[in-house]
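Okay, so here's the structure we're looking at.
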2 protein chains.
Amino acid sequence: MRLDHIGVAVKNLDEAVKFYRDILGLELVKLEEVPEEKVRIAMFRVGDVYIELLQGTDPESAVSKFIEKRGEGIHHIAIHVDDVDAKTEELKSKGVTLTYDKPRAVSHGERKINFIHPKNTFGVLLEIMTRVEKK
Amino acid sequence: MRLDHIGVAVKNLDEAVKFYRDILGLELVKLEEVPEEKVRIAMFRVGDVYIELLQGTDPESAVSKFIEKRGEGIHHIAIHVDDVDAKTEELKSKGVTLTYDKPRAVSHGERKINFIHPKNTFGVLLEIMTRVEKK
């Protein structure tokens, strides 16, 4: 297992990008919309991992609801596993609650993801994910 | 710059360790008390970075106050920089607010740290730090 990224919920992606890129000096590697999760994201490389800023594109997105409830800030962390399907089954067998019964594909099938409920992790929304090799 | 660790505020370190080590399967590499920050910590390796669970050892610790206000969860992220003194000065010159005017040494001088105020980072308590080479 390795850390893949840290997700940060922000209200205004363009303003936040200015701080992380221009003031802090991180390398912006991707700006994209992820309709499956109703977010726009900006990915910054920090060594071998990423900081992912997320802005909800719909009031019903999980990110928008998070901001409404808790304000801007760190939303989730994502750990890469070799096989997110197997890890999902293993954790379910240990009594862990996950968002999806089976991992779902996002970003045009580039990634398969699931989330462990914060009640299991002492308050951390923990994404488990596998980056899928392109055929 | 590279990500060093993610700090997670928990009420009961021993209980939280059971989830991260025994259920999730992360490698526990260190348990220690950091009196300068009034916390006990458990460090887990996830690839090249760490997840650091923190329990306050005093109601006045920043971690205890964070939990009282926001509940358990991700507390800060820490980015390693080559020279935290120089980075502190650079950020101050750009108008960024930091916790300490000069970085402070913690863990028996192993690390020098400072924190960027969440108002600058869109809600993220961002530690900047340098691991000091032992003489």
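Residue names in the structure tokens use chain letters A, B, ... in the order shown, residue numbers from 1 in each chain, and ligand numbers from 1 in the order shown.
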Within 9 Å of chain B, which residues of chain A are there when counting only C-alpha atoms? Please give them as a PyMOL selection string. chain A and resi 1-3+6+8-11+16+19-20+23-26+45-50+70-77+79+91+94+96+118+120-125
Step one, run DSSP on the backbone; step two, keep only residues of chain B assigned to strand (DSSP E); then write them as a ChimeraX atom specification. /B:2-9,27-34,39-46,49-56,73-80,104-106,111-116,126-131
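For the pair atom CA of A:Glu68 and atom CA of B:Leu126, the interatomic distance is 21.6 Å.
Relative to atom CA of B:Ala42, atom CA of A:Asp83 is found at 26.4 Å.
Of note, atom CA of A:Met129 and atom CA of B:Asp14 are spaced 26.7 Å apart.
Contact shell of A:Ile41 at 8 Å (only C-alpha atoms; same-chain neighbours under 2 positions omitted): Leu13, Lys30, Leu31, Glu32, Glu33, Val34, Val39, Met43, Glu52, Leu53, Leu54 and Gln55 of chain A.
Close contacts of stretch 103-111 of chain A, defined as residues with an atom at most 9 Å away when counting only C-alpha atoms, with chain neighbours fewer than 2 positions off set aside, comprise Glu33, Val34, Pro35, Glu36, Glu37, Val84, Asp85, Thr88, Thr99, Tyr100, Asp101, Ile113, Asn114, Phe115, Ile128, Met129, Thr130, Arg131, Val132, Glu133 and Lys134 of chain A.
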With C-alpha atoms retained, export the selected residues as a short mmCIF file (atom, residue, chain, number, x, y, z; two decimals), in the first residue's frame.
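What landed in result_15.cif:
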```cif
data_model
loop_
_atom_site.label_atom_id
_atom_site.label_comp_id
_atom_site.auth_asym_id
_atom_site.auth_seq_id
_atom_site.Cartn_x
_atom_site.Cartn_y
_atom_site.Cartn_z
CA GLU A 33 -13.79 17.63 -14.19
CA VAL A 34 -14.92 14.30 -12.69
CA PRO A 35 -18.66 14.14 -13.41
CA GLU A 36 -19.08 10.80 -11.59
CA GLU A 37 -18.18 12.56 -8.34
CA VAL A 84 -9.31 -2.62 -4.68
CA ASP A 85 -11.88 -5.37 -5.36
CA THR A 88 -13.06 -4.26 -0.43
CA THR A 99 -19.49 3.37 0.59
CA TYR A 100 -19.85 1.03 -2.37
CA ASP A 101 -20.56 -2.67 -2.23
CA ILE A 113 -12.30 3.50 -6.02
CA ASN A 114 -14.13 2.82 -2.78
CA PHE A 115 -14.37 4.68 0.54
CA ILE A 128 -8.94 2.92 -1.31
CA MET A 129 -8.14 2.87 -5.00
CA THR A 130 -6.39 1.06 -7.81
CA ARG A 131 -5.08 2.82 -10.89
CA VAL A 132 -6.09 0.70 -13.86
CA GLU A 133 -3.47 -0.02 -16.55
CA LYS A 134 -4.56 1.23 -19.96
#
```
